[in-house]
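Engineer: What follows is final_0.txt, compact mmCIF, C-alpha atoms.
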# COMPACT_ATOMS: atom_id res chain seq x y z
CA SER A 11 0.00 0.00 0.00
CA ALA A 12 0.98 3.64 -0.30
CA LYS A 13 1.33 3.98 3.46
CA GLN A 14 3.72 1.02 3.65
CA PHE A 15 5.75 2.39 0.73
CA LYS A 16 6.03 5.76 2.44
CA SER A 17 7.05 4.17 5.75
CA ALA A 18 9.67 2.01 4.07
CA THR A 19 11.01 4.96 2.09
CA GLU A 20 11.27 7.04 5.27
CA ALA A 21 13.15 4.18 6.98
CA PHE A 22 15.58 3.91 4.06
CA GLU A 23 16.09 7.69 4.04
CA GLN A 24 16.88 7.63 7.76
CA ALA A 25 19.35 4.82 7.18
CA VAL A 26 21.19 6.57 4.31
CA GLU A 27 21.27 9.87 6.22
CA CYS A 28 22.75 8.16 9.29
CA PRO A 29 26.46 9.01 9.76
CA VAL A 30 27.23 5.30 10.17
CA GLY A 31 24.67 3.52 7.99
CA GLY A 32 24.88 6.10 5.22
CA THR A 33 28.41 5.05 4.34
CA VAL A 34 27.50 1.36 3.92
CA GLY A 35 26.98 0.44 0.29
CA ARG A 36 24.62 -2.40 1.16
CA VAL A 37 22.11 0.05 2.67
CA TRP A 38 22.07 2.11 -0.54
CA LEU A 39 21.86 -1.02 -2.67
CA GLU A 40 18.84 -2.37 -0.80
CA TYR A 41 17.16 1.04 -1.04
CA ALA A 42 17.69 1.15 -4.81
CA ARG A 43 16.49 -2.45 -5.21
CA PHE A 44 13.40 -1.68 -3.14
CA LEU A 45 12.58 1.19 -5.52
CA GLN A 46 13.31 -0.89 -8.62
CA GLU A 47 10.96 -3.66 -7.43
CA ARG A 48 8.21 -1.03 -7.27
CA ASN A 49 9.07 0.35 -10.72
CA LYS A 50 10.43 3.64 -9.32
CA LEU A 51 13.37 3.48 -11.72
CA ARG A 52 14.17 7.20 -11.86
CA THR A 53 14.22 7.41 -8.07
CA ALA A 54 16.42 4.29 -7.93
CA GLN A 55 18.86 6.01 -10.32
CA GLN A 56 18.93 9.04 -8.03
CA VAL A 57 19.70 6.79 -5.05
CA PHE A 58 22.67 5.29 -6.93
CA LEU A 59 23.88 8.79 -7.85
CA ARG A 60 23.64 10.02 -4.25
CA ALA A 61 25.63 7.00 -3.05
CA LEU A 62 28.30 7.18 -5.75
CA VAL A 63 28.75 10.85 -6.74
CA GLY A 64 26.66 12.78 -4.23
CA THR A 65 24.71 15.98 -4.70
CA ASN A 66 25.51 19.67 -4.28
CA ASN A 67 29.28 19.18 -4.09
CA THR A 68 28.99 16.67 -1.23
CA GLY A 69 30.68 13.76 -2.98
CA GLY A 70 29.41 10.21 -2.82
CA ALA A 71 28.30 8.82 0.52
CA VAL A 72 29.97 5.44 -0.03
CA HIS A 73 33.77 5.36 -0.01
CA ASP A 74 34.56 1.65 0.42
CA GLU A 75 36.05 0.33 -2.83
CA GLN A 76 34.19 -3.00 -2.81
CA ASP A 77 30.88 -1.33 -1.99
CA ARG A 78 31.40 1.25 -4.73
CA ASN A 79 32.19 -1.46 -7.29
CA LEU A 80 29.04 -3.34 -6.32
CA LEU A 81 26.92 -0.17 -6.59
CA TRP A 82 28.43 0.79 -9.96
CA GLY A 83 27.69 -2.71 -11.28
CA GLU A 84 24.07 -2.60 -10.16
CA PHE A 85 23.69 0.98 -11.45
CA LEU A 86 25.07 -0.15 -14.81
CA GLU A 87 22.48 -2.95 -15.02
CA LEU A 88 19.67 -0.51 -14.18
CA SER A 89 20.98 1.97 -16.75
CA ARG A 90 21.14 -0.71 -19.42
CA THR A 91 17.45 -1.42 -18.78
CA THR A 92 16.23 2.18 -18.56
CA THR A 93 18.17 3.33 -21.64
CA GLU A 94 17.30 0.14 -23.54
CA ASN A 95 21.01 -0.17 -24.30
CA PRO A 96 22.12 -3.67 -23.23
CA ASP A 97 25.64 -2.97 -24.52
CA LEU A 98 26.23 0.10 -22.31
CA LYS A 99 29.67 -0.10 -20.76
CA LEU A 100 30.61 1.05 -17.28
CA SER A 101 33.13 3.51 -18.70
CA GLU A 102 30.39 5.07 -20.87
CA LEU A 103 28.03 5.38 -17.90
CA LYS A 104 30.71 7.03 -15.75
CA GLN A 105 31.64 9.41 -18.56
CA ALA A 106 28.00 10.43 -19.12
CA ILE A 107 27.52 11.10 -15.41
CA GLN A 108 30.80 12.99 -15.18
CA GLU A 109 29.81 15.18 -18.14
CA GLU A 110 26.40 15.81 -16.59
CA HIS A 111 28.02 16.87 -13.30
CA ALA A 112 31.07 18.60 -14.86
CA GLY A 113 32.45 21.32 -12.65
CA SER A 114 30.09 20.51 -9.80
CA ASP A 115 32.67 18.79 -7.61
CA ASP A 116 36.36 19.57 -7.24
CA ASN A 117 37.03 15.97 -6.17
CA GLN A 118 34.98 14.31 -8.87
CA ASP A 119 37.83 12.13 -10.18
CA GLU A 120 37.76 10.11 -6.96
CA TYR A 121 34.05 9.41 -7.37
CA TYR A 122 34.24 8.24 -10.96
CA GLY A 123 36.93 5.66 -10.35
CA GLN A 124 39.87 7.83 -11.34
CA GLY A 125 42.44 9.48 -9.12
CA PRO A 126 43.36 8.04 -5.72
CA PRO A 127 41.86 4.67 -4.82
CA ALA A 128 38.84 4.52 -2.56
CA THR A 129 39.26 3.25 0.98
CA LYS A 130 38.77 -0.36 1.96
CA ARG A 131 37.26 -1.64 5.17
CA PRO A 132 37.72 -5.16 6.52
CA ARG A 133 35.00 -7.64 5.66
CA LEU A 134 33.47 -9.91 8.25
CA GLY A 135 33.33 -13.60 7.42
CA GLY A 136 30.43 -15.94 7.96
CA ALA A 137 27.31 -16.96 6.13
CA SER A 138 25.76 -13.51 6.16
CA SER A 139 28.66 -11.62 4.65
CA VAL A 140 28.31 -10.32 1.14
CA LYS A 141 30.31 -12.56 -1.14
CA GLN A 142 31.45 -10.99 -4.33
CA GLU A 143 34.01 -11.89 -6.90
CA MET A 144 35.66 -9.24 -9.01
CA LEU A 145 36.81 -10.43 -12.38
CA ASN A 146 38.98 -8.07 -14.39
CA GLY A 147 38.38 -9.76 -17.70
CA ASP A 148 38.28 -13.32 -18.90
CA GLY A 149 40.93 -13.06 -21.58
CA ASP A 150 38.57 -13.51 -24.51
CA ASP A 151 37.60 -9.86 -24.92
CA ASP A 152 38.88 -8.71 -28.28
CA ASP A 153 37.57 -5.14 -28.33
CA ASP A 154 40.25 -3.76 -25.93
CA GLU A 155 37.66 -1.55 -24.24
CA ASP A 156 37.41 -1.26 -20.48
CA ASP A 157 34.07 -2.90 -19.76
CA GLY A 158 34.73 -2.51 -16.03
CA PRO A 159 34.71 -5.39 -13.60
CA THR A 160 32.18 -8.17 -13.79
CA ILE A 161 30.43 -8.42 -10.46
CA ARG A 162 28.83 -11.52 -9.04
CA THR A 163 26.93 -11.32 -5.80
CA HIS A 164 25.48 -13.90 -3.50
CA VAL A 165 21.71 -13.89 -2.97
CA VAL A 166 20.80 -12.16 0.27
CA THR A 167 18.31 -14.10 2.38
CA PRO A 168 15.70 -12.64 4.73
CA THR A 169 17.86 -13.85 7.63
CA ASP A 170 20.77 -11.81 6.27
CA VAL A 171 18.59 -8.71 6.03
CA GLU A 172 17.27 -9.18 9.58
CA LEU A 173 20.84 -9.52 10.90
CA GLU A 174 21.89 -6.33 9.10
CA ILE A 175 18.85 -4.46 10.41
CA GLN A 176 19.51 -5.65 13.96
CA THR A 177 23.18 -4.65 13.77
CA LEU A 178 22.41 -1.21 12.34
CA THR A 179 19.64 -0.65 14.88
CA GLU A 180 21.96 -1.52 17.77
CA ALA A 181 24.66 0.77 16.39
CA VAL A 182 22.24 3.68 15.96
CA GLN A 183 20.76 3.17 19.44
CA ASN A 184 24.22 3.27 21.01
CA VAL A 185 25.28 6.50 19.28
CA PRO A 186 23.59 8.87 21.82
CA ASN A 187 25.43 7.06 24.65
CA ASP A 188 28.80 7.15 22.93
CA PRO A 189 30.91 10.10 24.15
CA THR A 190 32.86 10.19 20.87
CA PHE A 191 29.80 11.41 18.98
Would you mind writing the structure in this file as structure tokens?

Structural biologist:
Amino acid sequence: SAKQFKSATEAFEQAVECPVGGTVGRVWLEYARFLQERNKLRTAQQVFLRALVGTNNTGGAVHDEQDRNLLWGEFLELSRTTTENPDLKLSELKQAIQEEHAGSDDNQDEYYGQGPPATKRPRLGGASSVKQEMLNGDGDDDDDEDDGPTIRTHVVTPTDVELEIQTLTEAVQNVPNDPTF
């Protein structure tokens, strides 16, 4: 229903605006997927853009290299669908976005995969961790174009989502009691 959609959207917005949760690529990815499942494709694109390149000179919210690669891969798939261009390459998508936002961010090279590398954070093991494999080509690509990495992700189960929600909720609840904040 419309009320449930609004409530869920508000919850996602709170999560991405959170100083902790807003830097986690998985939160942005689930938000974009939620919108895609409800055919809110333009809004899903805007979520990817906020996560990856930001708005109003803020830069992207997600800085972890693995998270950014996952988000770019999903954004590319969405863009291939919405533009009806199944051959769209990651480099073409990044270039189009960079041209659209030209001059809007002094640090834009970092957010388009150029310049200094993004930061990495340690990954936790276990069944609920996101498992992804980055492949930098399979050797049979004859066109010598940078198609970007191929990204494979493991299917996230409801148990995984519940664990992530519980962890984020506990972290957010403990922030007011933490003297470092």

Engineer: Restricting the calculation to all atoms listed in the file, which member of A:Thr53, A:Thr93, A:Ala18, A:Val30 is positioned closest to Thr177 (chain A)?

Structural biologist: A:Val30

Engineer: Tell me, in Å to one decimal, how far CA of Arg36 (chain A) is from CA of Gly70 (chain A).

Structural biologist: 14.1 Å

Engineer: What is the CA of Gly35 (chain A) to CA of Glu87 (chain A) distance in Å?

Structural biologist: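 Spanning CA of Gly35 (chain A) to CA of Glu87 (chain A) is a straight-line distance of 16.3 Å.
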
Engineer: Could you state the separation of CA of Ala54 (chain A) and CA of Tyr41 (chain A) in Å, given to one decimal place?

Structural biologist: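 Between these atoms lies a distance of 7.7 Å.
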
Engineer: Using all atoms of region 48-58 of chain A that appear in the file, construct an axis-aligned enclosing box with 4 Å of padding on every side and provide its centre coordinates and edge lengths in Å, rounded to one decimal, as JSON.

Structural biologist:
{"center_x": 15.4, "center_y": 4.0, "center_z": -8.5, "size_x": 22.5, "size_y": 18.1, "size_z": 14.8}

Engineer: Identify, on the basis of all atoms listed in the file, every residue whose closest approach to Leu81 (chain A) does not exceed 8 Å; exclude the query and any residue fewer than 2 positions from it along the same chain; express the result as a list in words.

Structural biologist: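 Contacts, with the query itself left out: Gly35, Leu39, Phe58, Leu62, Asp77, Arg78, Asn79, Gly83, Glu84 and Phe85 of chain A.
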
Engineer: Within 8 Å of region 103-106 of chain A, counting all atoms listed in the file, which residues qualify if same-chain residues fewer than 4 places away don't, as a list in words?

Structural biologist: Leu86, Ser89, Leu98, Lys99, Glu110 and Tyr122 of chain A

Engineer: Just checking: using all atoms listed in the file, which residue out of A:Val57, A:Pro96, A:Lys50, A:Lys13 ends up closest to Val37 (chain A)?

Structural biologist: A:Val57

Engineer: If we count all atoms listed in the file, what is near Val26 (chain A) at a cut-off of 10 Å, once residues fewer than 5 positions away on the same chain are taken out, given as a PDB file with C-alpha atoms, in the frame of the given file?

Structural biologist:
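Contents of the output file result-v3.pdb:
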ATOM      1  CA  GLU A  20      11.270   7.040   5.270  1.00  0.00           C
ATOM      2  CA  ALA A  21      13.150   4.180   6.980  1.00  0.00           C
ATOM      3  CA  GLY A  31      24.670   3.520   7.990  1.00  0.00           C
ATOM      4  CA  GLY A  32      24.880   6.100   5.220  1.00  0.00           C
ATOM      5  CA  THR A  33      28.410   5.050   4.340  1.00  0.00           C
ATOM      6  CA  VAL A  34      27.500   1.360   3.920  1.00  0.00           C
ATOM      7  CA  GLY A  35      26.980   0.440   0.290  1.00  0.00           C
ATOM      8  CA  VAL A  37      22.110   0.050   2.670  1.00  0.00           C
ATOM      9  CA  TRP A  38      22.070   2.110  -0.540  1.00  0.00           C
ATOM     10  CA  TYR A  41      17.160   1.040  -1.040  1.00  0.00           C
ATOM     11  CA  VAL A  57      19.700   6.790  -5.050  1.00  0.00           C
ATOM     12  CA  ARG A  60      23.640  10.020  -4.250  1.00  0.00           C
ATOM     13  CA  ALA A  61      25.630   7.000  -3.050  1.00  0.00           C
ATOM     14  CA  ALA A  71      28.300   8.820   0.520  1.00  0.00           C
ATOM     15  CA  VAL A  72      29.970   5.440  -0.030  1.00  0.00           C
TER      16      VAL A  72
END
